[in-house]
Every structure is written in C-alpha cells, then in structure tokens.
Amino acid sequence: MRKSRWFSSLYIWLVMAFLYAPIAVLIIFSFNDSKSRNTWTGFTLRWYEELFHDRVIMQSFLVMLVVAIVSSVIATVLGTLAAIGLDKMNKKLRSVVMTFTYLPMINPEIITGVALMLLFIYLKMEFGMQTLIVAHITFNVPYVILNVLPKLRQMDKNTYDAALDLGCNPLKAFTKVVIPEIMPGIVSGALTAFTMSIDDFIISYFTAGTSASTLAMTIYGMTKKKVTPEINAISTLLFVTVLVLLAVVNLRESRADHRLKAEHHTAPAAPHPNRSKLHKTLRRVGAGL
C-alpha cells in the first residue's frame with residue numbers, strides 16, 4: 001500500500017516536472033545577465049527594466065488589460081443572466097441549450113477566430129478594440145455560465161419565494177437574495193473570463209486587425225525577428241499573473257465548498273494522522289497549478 005502511494009506521488013511529480021521544466025528554464029534565464037540562452041553569467045533585473053521602458057510592449061499591455069477587463073465584465077453580466085435563464089428551463093430544453101453552450105469551448109480556436117473575422121467583415125465593422133472586445137466576450141460567456149449554474153442549483157429555491165412573500169418585489173428579491181447566494185460563482189466566472197482573455201492569442205490574431213495588438217500578439221511578432229531576454233521577462237510576468245488568478249479561483253471554490261458543508265452541518269473527513277502541514281500545503285499548491 002505504501003509502495004503504491006509512493007509510486008503514485010513519484011509519477012505525479014515526474015509529470016509536473018515534465019510540464020513545468022521549460023517554464024522554469026524560461027523564468028531562470030529572464031534573470032540572466034547575458035543574452036545567452038545557454039550560459040548563466042549572473043543575476044540581473046535589467047531585462048525587466050528594459051521591458052517597462054519599451055513603448056510598444058507597454059501599449060500592447062494596456063490594450064490587453066482594457067480588452068480583458070471590459071470583456072470579462074460584460075461576459076460576467078451576460079453569462080450570469082443566461083445561467084439564471086437556463087436554470088428556469090425544463091430539462092430537455094436546457095440540455096439542448098447547454099450543448100450549444102459547450103461548443104465555443106470545445107471548438108478549435110482557429111475556427112472561432114476565422115468565423116468571427118468573417119462575421120465582422122460581413123457586418124463591415126472596423127477591426128480594432130471593438131472587434132477584439134466582442135470576440136473575447138463571445139468565448140468568455142460560456143465559462144461564466146458554467147461557473148454560475150452550479151451555484152444556482154445549490155441554492156434553496158424557497159428562499160426567493162420567501163423574500164417575495166415577505167414583501168420584496170422581484171427585482172429586490174433578485175438583488176438581495178439570489179445575487180449574494182451565487183456571488184462565489186459570479187466572481188469565479190469573472191476571474192476565469194479575465195484569465196482566458198489575457199491568455200488568448202489565436203482569436204485575437206484574427207479579430208484585432210492592424211490598429212490594435214494585444215501583448216500575446218506583440219510577443220509573437222518579437223519571436224519572428226529575434227528572441228531577446230525581454231520575451232523571457234514578459235512570459236514570466238504573464239505566467240505569474242495567470243497563476244495568481246487561477247490560485248484565487250481555486251481558493252474561492254475551496255472556501256465556498258467548506259462554507260456549504262458547514263451550512264449543511266456535515267463534518268469534514270478526519271485527516272490522516274501521518275499527514276503533515278507541509279504535505280497539505282504541497283497538495284494545495286499542486287491543485288492550484
């Protein structure tokens with residue numbers, strides 16, 4: 001039994017090392033004093049300083065940030081309302097709509113990008129920030145729906161009716177009862193949408209045109225010319241940003257589950273006596289990654 005657990009742990013760590021070793025090398029060489037990608041010559045923050053003084057990179061970062069914030073906010077509103085509508089549907093109609101909801105997530109991004117590009121051309125929309133925002137809203141809405149819908153199913157349906165019986169109008173009951181109950185799902189959906197928007201390249205590449213460029217597109221253009229240590233610095237900052245956002249989502253979901261168990265008076269399973277605090281911390285870090 002102990003051997004099987006040991007082999008399972010070893011296998012997991014080997015898989016993690018295989019996945020993250022290239023990223024670890026990239027992060028390490030972002031602090032290398034030399035432009036060499038093979039030899040370590042000393043620690044420096046010079047590439048990060050040059051990165052923040054690069055006008056093109058800073059402009060691309062601002063575009064990426066604006067698109068991510070605006071698209072995630074709009075997608076959160078639309079996705080939350082759509083999830084509430086789906087929750088009120090009958091099972092057959094909901095299953096049909098959910099099938100179409102999954103399609104933007106499992107559909108290859110290049111198909112989504114080309115389809116949106118052709119749609120914008122047909123509508124004679126000028127490519128730029130507006131087309132980028134619309135495209136990001138399109139692929140972000142399903143992620144919000146899938147985060148909010150489980151919270152709606154967990155909510156006691158009688159709470160809303162009780163608020164109406166106590167004198168609340170439908171709008172007040174919705175804002176004072178329903179929204180607080182599903183707020184963990186809304187926040188998780190918003191953070192997921194923001195993360196996906198920062199991470200996107202393919203759809204942005206087809207819908208941005210020439211007047212706007214996200215940070216991912218700028219990095220791609222830099223790799224075509226010459227790979228500089230600034231790319232390592234940008235990639236490190238993006239990796240850390242996405243990792244922090246995913247860790248926040250993971251911790252929020254974990255706390256929400258614990259709160260739900262406490263409300264239902266279900267005692268958590270007793271931990272194994274040999275499980276140390278360090279082991280628990282490592283498990284949480286692994287889950288976050």
# chains A, B, ... in the order shown; residues from 1 in each chain; ligands from 1
$ residues_around --residues "Ala82 of chain A" --least-positions-apart "2" --cutoff "10 Å" --atoms "only C-alpha atoms" --output "count of residues only"
15
$ residues_around --residues "segment 26-37 of chain A" --least-positions-apart "6" --cutoff "6 Å" --atoms "only C-alpha atoms" --output "PyMOL selection string"
chain A and resi 43-45+229+232-233+236
$ closest_residue --among "A:Leu164, A:Ile69, A:Met16, A:Met155" --to "Pro184 of chain A" --atoms "only C-alpha atoms"
A:Met155
$ residues_around --residues "Val178 of chain A" --least-positions-apart "3" --cutoff "12 Å" --atoms "only C-alpha atoms" --output "MDAnalysis selection string"
chainID A and resid 80:81 84 148 151:164 170:175 181:186
$ atom_distance --atom1 "atom CA of Ala216 of chain A" --atom2 "atom CA of Phe18 of chain A"
23.8 Å
$ atom_distance --atom1 "atom CA of Lys225 of chain A" --atom2 "atom CA of Leu238 of chain A"
20.7 Å
$ select_by_dssp --residues "segment 152-234 of chain A" --states "helix (DSSP H, G or I)" --output "ChimeraX atom specification"
/A:152-154,157-165,170-199,202-207,215-225,229-234
$ residues_around --residues "Leu118 of chain A" --least-positions-apart "5" --cutoff "10 Å" --atoms "only C-alpha atoms" --output "PyMOL selection string"
chain A and resi 112-113+123-124+206-207
$ write_last_selection --atoms "all heavy atoms" --output "short mmCIF file (atom, residue, chain, number, x, y, z; two decimals), in the first residue's frame"
data_model
loop_
_atom_site.label_atom_id
_atom_site.label_comp_id
_atom_site.auth_asym_id
_atom_site.auth_seq_id
_atom_site.Cartn_x
_atom_site.Cartn_y
_atom_site.Cartn_z
N THR A 112 -13.11 29.41 -34.54
CA THR A 112 -13.82 30.52 -33.92
C THR A 112 -13.25 31.86 -34.39
O THR A 112 -14.00 32.79 -34.70
CB THR A 112 -13.72 30.43 -32.38
OG1 THR A 112 -14.24 29.17 -31.95
CG2 THR A 112 -14.51 31.54 -31.72
N GLY A 113 -11.93 31.95 -34.45
CA GLY A 113 -11.30 33.19 -34.89
C GLY A 113 -11.64 33.54 -36.32
O GLY A 113 -11.99 34.69 -36.63
N LEU A 123 -20.38 42.34 -41.51
CA LEU A 123 -21.08 43.45 -40.86
C LEU A 123 -20.39 44.79 -41.12
O LEU A 123 -20.85 45.82 -40.63
CB LEU A 123 -21.16 43.21 -39.35
CG LEU A 123 -21.98 42.00 -38.91
CD1 LEU A 123 -21.89 41.81 -37.40
CD2 LEU A 123 -23.44 42.14 -39.34
N LYS A 124 -19.27 44.75 -41.85
CA LYS A 124 -18.49 45.94 -42.20
C LYS A 124 -18.03 46.70 -40.95
O LYS A 124 -18.06 47.94 -40.90
CB LYS A 124 -19.31 46.86 -43.10
CG LYS A 124 -19.67 46.23 -44.45
CD LYS A 124 -20.48 47.16 -45.33
CE LYS A 124 -20.81 46.51 -46.66
NZ LYS A 124 -21.61 47.39 -47.54
N PHE A 206 -6.94 36.95 -35.29
CA PHE A 206 -7.84 37.05 -36.45
C PHE A 206 -8.81 38.23 -36.35
O PHE A 206 -9.41 38.61 -37.35
CB PHE A 206 -8.64 35.76 -36.60
CG PHE A 206 -7.85 34.63 -37.19
CD1 PHE A 206 -7.31 33.64 -36.39
CD2 PHE A 206 -7.62 34.54 -38.56
CE1 PHE A 206 -6.57 32.61 -36.92
CE2 PHE A 206 -6.89 33.50 -39.11
CZ PHE A 206 -6.35 32.53 -38.28
N THR A 207 -9.01 38.78 -35.15
CA THR A 207 -10.06 39.80 -34.98
C THR A 207 -9.51 41.17 -34.59
O THR A 207 -10.30 42.10 -34.43
CB THR A 207 -11.06 39.34 -33.90
OG1 THR A 207 -10.36 39.10 -32.66
CG2 THR A 207 -11.78 38.07 -34.33
#
$ closest_residue --among "A:Ala83, A:Val67, A:Ile121, A:Met217" --to "Thr195 of chain A" --atoms "only C-alpha atoms"
A:Val67
$ closest_residue --among "A:Ile133, A:Met222, A:Leu243, A:Leu166" --to "Leu116 of chain A" --atoms "only C-alpha atoms"
A:Ile133
$ closest_residue --among "A:Asn250, A:Thr138, A:Ser204, A:Gln59" --to "Ser188 of chain A" --atoms "only C-alpha atoms"
A:Asn250
$ closest_residue --among "A:Ile110, A:Leu246, A:Met196, A:Ile179" --to "Tyr143 of chain A" --atoms "only C-alpha atoms"
A:Met196
$ atom_distance --atom1 "atom CA of Val248 of chain A" --atom2 "atom CA of Leu191 of chain A"
8.3 Å
$ residues_around --residues "Ala135 of chain A" --least-positions-apart "2" --cutoff "12 Å" --atoms "only C-alpha atoms" --output "JSON, numbers by chain"
{"A": [67, 68, 70, 71, 72, 74, 75, 104, 109, 112, 113, 114, 115, 116, 117, 118, 119, 120, 127, 128, 129, 130, 131, 132, 133, 137, 138, 139, 140, 141, 196, 197, 200, 201, 202, 203, 204, 205, 206, 207, 208]}
